[in-house]
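Q: One structure, pasted below without further comment.
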Amino acid sequence: MKLLCWNINGLRAAQRNGIDAWMRDTDAELYLFQETKAQEAQLDDAIKCVRGYRSWYASAEKKGYSGVALYVREDLEPDEVRVGFDPRFDGEGRVLGARFGTLWVYSVYFPNGQASPERLAYKMAFYEAFLSHMKVLRDGGASLIVGGDFNTAHTELDLARPKENEKTSGFLPIERAWLDEVEAAGFVDSYRRLHPQGRSYSWWSQRLRARDRDVGWRIDYFFVGEEIWDRIEGASIHGDVYGSDHCPIGLDLRLP
């Protein structure tokens, strides 16, 4: 089973740029999108009903902000779809999960902490609450795949200029320590385990031709429960795909 995850920086803009054709060409079973910037009522049937897929959305109360989506191929029907995870954070439309038997697949757009100390505190509270949610599901017998824009580079391998960004939200010690906690809790950064020295990035600033110069950050991840790691067959970063300031990431999972 192929999963593709992408912060598309606006679903309606992505539609204009031909994301439906990209979906048909890549033919994944699941697509996890972040920063859709749209409420479902604002979307037309052409994007809600891409041929061969069903779609679900979690939207922010504020129009044009945040939002996540899941597209699931019609032959892979979820047993349950869950919008949100905690009333304290659900107004920003950042979490959407689908359950397939005992496997939960989540599309998550984690907050950015750069705007102010208050937003950094919000980000850290979201982080802690979502990790607790992951642990509760796992302790209840579920396996998890969490894909999305985590808005933090974990190690110096994960951004082009680590020294210059040591005091920037997205590479602060407190944010990186949370990713340590995720791994200590038994969740695997799929790309890093399979590519221990890989320096591919998934996001580039739109200033100063950063993408042309590959001055980027790896802040988009698929985290997978250790208990299903033996079913992971590949993890990838698709830096040749344009249309957003992020690029897609991929995960290949062998079905039981």
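Residue names in the structure tokens use chain letters A, B, ... in the order shown, residue numbers from 1 in each chain, and ligand numbers from 1 in the order shown.
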For Trp204 in chain A, list every protein, DNA or RNA residue within 12 Å, evaluated using only C-alpha atoms, and leave out those in the same chain fewer than 5 positions away; present the list as a list in words.
A: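 Using only C-alpha atoms, the neighbours found are Asn7, Asn151, Asp158, Leu159, Ala160, Arg161, Arg209, Ala210, Arg211, Asp212, Arg213, Asp214, Val215, Gly216, Trp217, Arg218, Ile219, Asp220, Gly239, Tyr242, Ser244, Asp245, His246 and Cys247 of chain A.
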Q: Extract the full set of strand (DSSP E or B) residues from range 100-248 of chain A according to DSSP on the backbone, and format it as a PDB file with C-alpha atoms, in the first residue's frame.
A:
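Once written, selection_35.pdb looks like this:
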```
ATOM      1  CA  PHE A 100      -8.534   0.343   8.878  1.00  0.00           C
ATOM      2  CA  LEU A 103      -4.465   0.544  11.989  1.00  0.00           C
ATOM      3  CA  TRP A 104      -5.011   4.289  12.405  1.00  0.00           C
ATOM      4  CA  VAL A 105      -3.651   6.597   9.684  1.00  0.00           C
ATOM      5  CA  TYR A 106      -3.512  10.282  10.642  1.00  0.00           C
ATOM      6  CA  SER A 107      -3.002  13.411   8.549  1.00  0.00           C
ATOM      7  CA  VAL A 108      -1.761  16.145  10.888  1.00  0.00           C
ATOM      8  CA  TYR A 109      -0.739  19.756  10.358  1.00  0.00           C
ATOM      9  CA  SER A 143      -1.135   0.592  15.392  1.00  0.00           C
ATOM     10  CA  LEU A 144      -0.430   4.077  14.056  1.00  0.00           C
ATOM     11  CA  ILE A 145       0.905   5.856  11.010  1.00  0.00           C
ATOM     12  CA  VAL A 146       1.085   9.620  11.476  1.00  0.00           C
ATOM     13  CA  GLY A 147       1.944  11.673   8.413  1.00  0.00           C
ATOM     14  CA  GLY A 148       2.134  15.394   8.137  1.00  0.00           C
ATOM     15  CA  ASP A 149       3.918  18.690   8.464  1.00  0.00           C
ATOM     16  CA  LEU A 159      18.109  21.328   7.572  1.00  0.00           C
ATOM     17  CA  PHE A 187       7.356   5.563  16.990  1.00  0.00           C
ATOM     18  CA  VAL A 188       9.803   5.459  14.092  1.00  0.00           C
ATOM     19  CA  ASP A 189      10.809   8.296  11.740  1.00  0.00           C
ATOM     20  CA  TRP A 203      10.270  22.452   2.694  1.00  0.00           C
ATOM     21  CA  TRP A 204      12.013  25.527   1.331  1.00  0.00           C
ATOM     22  CA  GLY A 216      15.746  23.521   2.872  1.00  0.00           C
ATOM     23  CA  TRP A 217      14.361  21.776   5.931  1.00  0.00           C
ATOM     24  CA  ASP A 220       7.414  16.526   6.940  1.00  0.00           C
ATOM     25  CA  TYR A 221       7.405  13.006   8.358  1.00  0.00           C
ATOM     26  CA  PHE A 222       5.753   9.626   8.424  1.00  0.00           C
ATOM     27  CA  PHE A 223       6.039   8.271  11.965  1.00  0.00           C
ATOM     28  CA  VAL A 224       5.152   4.590  12.283  1.00  0.00           C
ATOM     29  CA  GLY A 225       4.561   2.425  15.339  1.00  0.00           C
ATOM     30  CA  ILE A 232       7.436  -0.893   5.949  1.00  0.00           C
ATOM     31  CA  GLU A 233       9.005  -1.392   2.531  1.00  0.00           C
ATOM     32  CA  GLY A 234      10.085   2.136   1.669  1.00  0.00           C
ATOM     33  CA  ALA A 235      10.063   5.826   2.597  1.00  0.00           C
ATOM     34  CA  SER A 236      10.738   8.614   0.136  1.00  0.00           C
ATOM     35  CA  ILE A 237      10.898  12.382  -0.403  1.00  0.00           C
ATOM     36  CA  HIS A 246       6.688  21.731   0.476  1.00  0.00           C
TER      37      HIS A 246
END
```
Q: Set out as a Markdown table a contact list for range 48-136 of chain A and range 162-171 of chain A with a cut-off of 8 Å, giving each residue of range 48-136 of chain A that qualifies its closest atom pair and distance in Å to one decimal, counting only C-alpha atoms, ordered by chain and rising residue number.
A:
```
| residue | atom | partner | partner_atom | distance |
| --- | --- | --- | --- | --- |
| A:Asn112 | CA | A:Gly170 | CA | 7.5 |
| A:Gly113 | CA | A:Ser169 | CA | 5.6 |
| A:Gln114 | CA | A:Ser169 | CA | 5.2 |
| A:Leu120 | CA | A:Ser169 | CA | 7.4 |
```
Q: Keeping only all heavy atoms, take the residues you just selected and write them out as a PDB file, in the first residue's frame.
A:
```pdb
ATOM      1  N   ASN A 112       2.813  25.999  13.733  1.00  0.00           N
ATOM      2  CA  ASN A 112       4.078  26.712  13.581  1.00  0.00           C
ATOM      3  C   ASN A 112       4.243  27.631  14.789  1.00  0.00           C
ATOM      4  O   ASN A 112       3.292  28.297  15.190  1.00  0.00           O
ATOM      5  CB  ASN A 112       4.052  27.521  12.278  1.00  0.00           C
ATOM      6  CG  ASN A 112       5.377  28.151  11.944  1.00  0.00           C
ATOM      7  OD1 ASN A 112       6.000  28.798  12.770  1.00  0.00           O
ATOM      8  ND2 ASN A 112       5.808  27.979  10.711  1.00  0.00           N
ATOM      9  N   GLY A 113       5.440  27.673  15.361  1.00  0.00           N
ATOM     10  CA  GLY A 113       5.655  28.469  16.565  1.00  0.00           C
ATOM     11  C   GLY A 113       6.399  29.760  16.355  1.00  0.00           C
ATOM     12  O   GLY A 113       6.821  30.404  17.332  1.00  0.00           O
ATOM     13  N   GLN A 114       6.583  30.189  15.094  1.00  0.00           N
ATOM     14  CA  GLN A 114       7.452  31.334  14.841  1.00  0.00           C
ATOM     15  C   GLN A 114       6.790  32.684  15.084  1.00  0.00           C
ATOM     16  O   GLN A 114       7.483  33.684  15.278  1.00  0.00           O
ATOM     17  CB  GLN A 114       7.990  31.283  13.405  1.00  0.00           C
ATOM     18  CG  GLN A 114       8.966  30.142  13.161  1.00  0.00           C
ATOM     19  CD  GLN A 114       9.613  30.211  11.795  1.00  0.00           C
ATOM     20  OE1 GLN A 114       9.380  31.137  11.019  1.00  0.00           O
ATOM     21  NE2 GLN A 114      10.435  29.220  11.483  1.00  0.00           N
ATOM     22  N   LEU A 120       4.268  29.599  20.086  1.00  0.00           N
ATOM     23  CA  LEU A 120       5.185  28.524  20.436  1.00  0.00           C
ATOM     24  C   LEU A 120       4.620  27.700  21.594  1.00  0.00           C
ATOM     25  O   LEU A 120       4.685  26.460  21.576  1.00  0.00           O
ATOM     26  CB  LEU A 120       6.557  29.086  20.798  1.00  0.00           C
ATOM     27  CG  LEU A 120       7.599  28.059  21.246  1.00  0.00           C
ATOM     28  CD1 LEU A 120       7.848  27.010  20.170  1.00  0.00           C
ATOM     29  CD2 LEU A 120       8.907  28.757  21.636  1.00  0.00           C
TER      30      LEU A 120
END
```
Q: For the structure I just gave you, how does DSSP split range 159-207 of chain A - specifically, which residues are helix (DSSP H, G or I)? Reply as JSON, numbers by chain.
A: {"A": [163, 164, 165, 173, 174, 175, 176, 177, 178, 179, 180, 181, 182, 183, 184, 190, 191, 192, 193, 194]}
Q: Calculated over only C-alpha atoms, which of the candidates A:Arg82, A:Lys37, A:Lys62, A:Lys48 has the smallest distance to Ala13 in chain A?
A: A:Lys37
Q: Using only C-alpha atoms, which of the listed residues (A:Ala46, A:Leu3, A:Val241, A:Ala28) sits closest to Gln15 in chain A?
A: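 Checking each candidate against Gln15 in chain A, we get A:Ala46 as the closest.
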Q: Distance CA of Arg231 in chain A-CA of Thr152 in chain A, one decimal place?
A: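 For CA of Arg231 in chain A relative to CA of Thr152 in chain A, the distance reads 26.2 Å.
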Q: Would you pick out the contacts of Val68 in chain A at 9 Å or less, using only C-alpha atoms, so that residues sharing its chain but fewer than 6 positions from it are not included, and give the list as a ChimeraX atom specification?
A: /A:7,32-38,56-60,93-96,107-109
Q: Go ahead and write the residues just picked, all heavy atoms, as a short mmCIF file (atom, residue, chain, number, x, y, z; two decimals), in the first residue's frame.
A:
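Output file out.cif is given in full below:
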```cif
data_model
loop_
_atom_site.label_atom_id
_atom_site.label_comp_id
_atom_site.auth_asym_id
_atom_site.auth_seq_id
_atom_site.Cartn_x
_atom_site.Cartn_y
_atom_site.Cartn_z
N ASN A 7 1.98 18.81 2.30
CA ASN A 7 1.46 20.13 2.64
C ASN A 7 1.33 20.89 1.33
O ASN A 7 2.34 21.31 0.74
CB ASN A 7 2.39 20.86 3.62
CG ASN A 7 1.90 22.26 3.95
OD1 ASN A 7 1.38 22.98 3.09
ND2 ASN A 7 2.07 22.68 5.19
N LEU A 32 -2.57 12.06 2.10
CA LEU A 32 -2.72 12.87 3.31
C LEU A 32 -2.29 14.28 2.96
O LEU A 32 -1.11 14.51 2.60
CB LEU A 32 -1.85 12.33 4.44
CG LEU A 32 -2.17 10.99 5.08
CD1 LEU A 32 -2.01 9.81 4.11
CD2 LEU A 32 -1.25 10.75 6.28
N PHE A 33 -3.20 15.23 3.02
CA PHE A 33 -2.89 16.61 2.67
C PHE A 33 -2.99 17.50 3.90
O PHE A 33 -3.87 17.31 4.75
CB PHE A 33 -3.83 17.12 1.58
CG PHE A 33 -3.69 16.41 0.27
CD1 PHE A 33 -4.81 15.95 -0.42
CD2 PHE A 33 -2.45 16.21 -0.31
CE1 PHE A 33 -4.70 15.30 -1.64
CE2 PHE A 33 -2.31 15.55 -1.53
CZ PHE A 33 -3.44 15.10 -2.20
N GLN A 34 -2.11 18.49 3.96
CA GLN A 34 -2.14 19.48 5.03
C GLN A 34 -2.18 20.89 4.43
O GLN A 34 -1.81 21.11 3.29
CB GLN A 34 -0.92 19.36 5.95
CG GLN A 34 -0.78 18.03 6.65
CD GLN A 34 -0.10 17.00 5.79
OE1 GLN A 34 0.94 17.26 5.19
NE2 GLN A 34 -0.67 15.81 5.74
N GLU A 35 -2.61 21.81 5.27
CA GLU A 35 -2.77 23.23 4.91
C GLU A 35 -3.65 23.36 3.67
O GLU A 35 -3.29 24.01 2.68
CB GLU A 35 -1.41 23.91 4.72
CG GLU A 35 -1.50 25.42 4.91
CD GLU A 35 -0.16 26.13 4.94
OE1 GLU A 35 0.90 25.49 4.82
OE2 GLU A 35 -0.19 27.37 5.10
N THR A 36 -4.82 22.77 3.76
CA THR A 36 -5.76 22.83 2.64
C THR A 36 -6.38 24.22 2.48
O THR A 36 -6.84 24.56 1.39
CB THR A 36 -6.88 21.79 2.83
OG1 THR A 36 -7.50 22.00 4.10
CG2 THR A 36 -6.31 20.38 2.76
N LYS A 37 -6.45 24.99 3.55
CA LYS A 37 -6.94 26.38 3.51
C LYS A 37 -8.35 26.49 2.94
O LYS A 37 -8.69 27.47 2.26
CB LYS A 37 -5.99 27.26 2.71
CG LYS A 37 -4.61 27.43 3.31
CD LYS A 37 -3.78 28.40 2.48
CE LYS A 37 -2.42 28.65 3.09
NZ LYS A 37 -1.59 29.57 2.29
N ALA A 38 -9.19 25.51 3.20
CA ALA A 38 -10.54 25.54 2.65
C ALA A 38 -11.49 24.77 3.55
O ALA A 38 -11.12 23.77 4.16
CB ALA A 38 -10.57 24.95 1.24
N TRP A 56 -12.24 13.11 2.82
CA TRP A 56 -12.71 13.65 4.10
C TRP A 56 -11.86 14.86 4.46
O TRP A 56 -10.68 14.93 4.06
CB TRP A 56 -12.60 12.61 5.21
CG TRP A 56 -13.54 11.46 5.09
CD1 TRP A 56 -14.77 11.32 5.67
CD2 TRP A 56 -13.35 10.25 4.34
NE1 TRP A 56 -15.35 10.13 5.34
CE2 TRP A 56 -14.50 9.44 4.52
CE3 TRP A 56 -12.30 9.76 3.54
CZ2 TRP A 56 -14.63 8.20 3.93
CZ3 TRP A 56 -12.44 8.52 2.94
CH2 TRP A 56 -13.59 7.76 3.14
N TYR A 57 -12.45 15.77 5.24
CA TYR A 57 -11.78 17.04 5.54
C TYR A 57 -11.96 17.42 7.00
O TYR A 57 -13.00 17.15 7.61
CB TYR A 57 -12.36 18.16 4.66
CG TYR A 57 -12.34 17.83 3.20
CD1 TYR A 57 -13.42 17.16 2.60
CD2 TYR A 57 -11.24 18.13 2.40
CE1 TYR A 57 -13.39 16.81 1.27
CE2 TYR A 57 -11.21 17.78 1.05
CZ TYR A 57 -12.29 17.12 0.49
OH TYR A 57 -12.26 16.77 -0.83
N ALA A 58 -10.93 18.05 7.54
CA ALA A 58 -11.03 18.76 8.81
C ALA A 58 -10.66 20.20 8.53
O ALA A 58 -9.54 20.47 8.05
CB ALA A 58 -10.10 18.15 9.86
N SER A 59 -11.58 21.10 8.77
CA SER A 59 -11.38 22.50 8.39
C SER A 59 -11.29 23.39 9.62
O SER A 59 -11.90 23.12 10.65
CB SER A 59 -12.54 22.97 7.51
OG SER A 59 -12.68 22.16 6.36
N ALA A 60 -10.54 24.46 9.47
CA ALA A 60 -10.45 25.46 10.53
C ALA A 60 -11.73 26.30 10.56
O ALA A 60 -12.39 26.50 9.54
CB ALA A 60 -9.24 26.36 10.30
N GLY A 93 -8.58 22.85 12.83
CA GLY A 93 -8.68 21.87 11.75
C GLY A 93 -7.36 21.23 11.37
O GLY A 93 -6.99 21.19 10.19
N ARG A 94 -6.68 20.66 12.35
CA ARG A 94 -5.32 20.17 12.11
C ARG A 94 -5.18 18.65 12.13
O ARG A 94 -4.09 18.15 11.83
CB ARG A 94 -4.37 20.77 13.15
CG ARG A 94 -4.21 22.27 13.01
CD ARG A 94 -3.19 22.83 13.99
NE ARG A 94 -2.99 24.26 13.79
CZ ARG A 94 -2.12 24.78 12.93
NH1 ARG A 94 -1.37 23.97 12.21
NH2 ARG A 94 -1.99 26.08 12.79
N VAL A 95 -6.22 17.92 12.47
CA VAL A 95 -6.08 16.47 12.67
C VAL A 95 -7.25 15.73 12.04
O VAL A 95 -8.41 16.07 12.27
CB VAL A 95 -5.99 16.14 14.18
CG1 VAL A 95 -5.99 14.63 14.39
CG2 VAL A 95 -4.76 16.78 14.81
N LEU A 96 -6.92 14.69 11.28
CA LEU A 96 -7.93 13.84 10.64
C LEU A 96 -7.37 12.42 10.58
O LEU A 96 -6.25 12.20 10.09
CB LEU A 96 -8.23 14.35 9.24
CG LEU A 96 -9.32 13.66 8.42
CD1 LEU A 96 -10.67 13.74 9.11
CD2 LEU A 96 -9.40 14.30 7.04
N SER A 107 -3.56 12.24 9.23
CA SER A 107 -3.00 13.41 8.55
C SER A 107 -3.04 14.56 9.54
O SER A 107 -4.11 14.94 10.02
CB SER A 107 -3.84 13.75 7.31
OG SER A 107 -3.38 14.93 6.69
N VAL A 108 -1.87 15.13 9.84
CA VAL A 108 -1.76 16.14 10.89
C VAL A 108 -0.94 17.33 10.39
O VAL A 108 0.14 17.16 9.80
CB VAL A 108 -1.11 15.58 12.17
CG1 VAL A 108 -1.14 16.63 13.28
CG2 VAL A 108 -1.82 14.31 12.63
N TYR A 109 -1.46 18.51 10.64
CA TYR A 109 -0.74 19.76 10.36
C TYR A 109 -0.41 20.40 11.71
O TYR A 109 -1.24 21.06 12.32
CB TYR A 109 -1.60 20.67 9.50
CG TYR A 109 -0.98 22.01 9.16
CD1 TYR A 109 0.39 22.15 8.99
CD2 TYR A 109 -1.79 23.14 8.99
CE1 TYR A 109 0.94 23.38 8.66
CE2 TYR A 109 -1.24 24.36 8.66
CZ TYR A 109 0.12 24.48 8.50
OH TYR A 109 0.67 25.69 8.19
#
```
Q: So what do you get for CA of Ala21 in chain A versus CA of Gly243 in chain A, distance-wise?
A: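 Rounded to one decimal, the two atoms are 12.5 Å apart.
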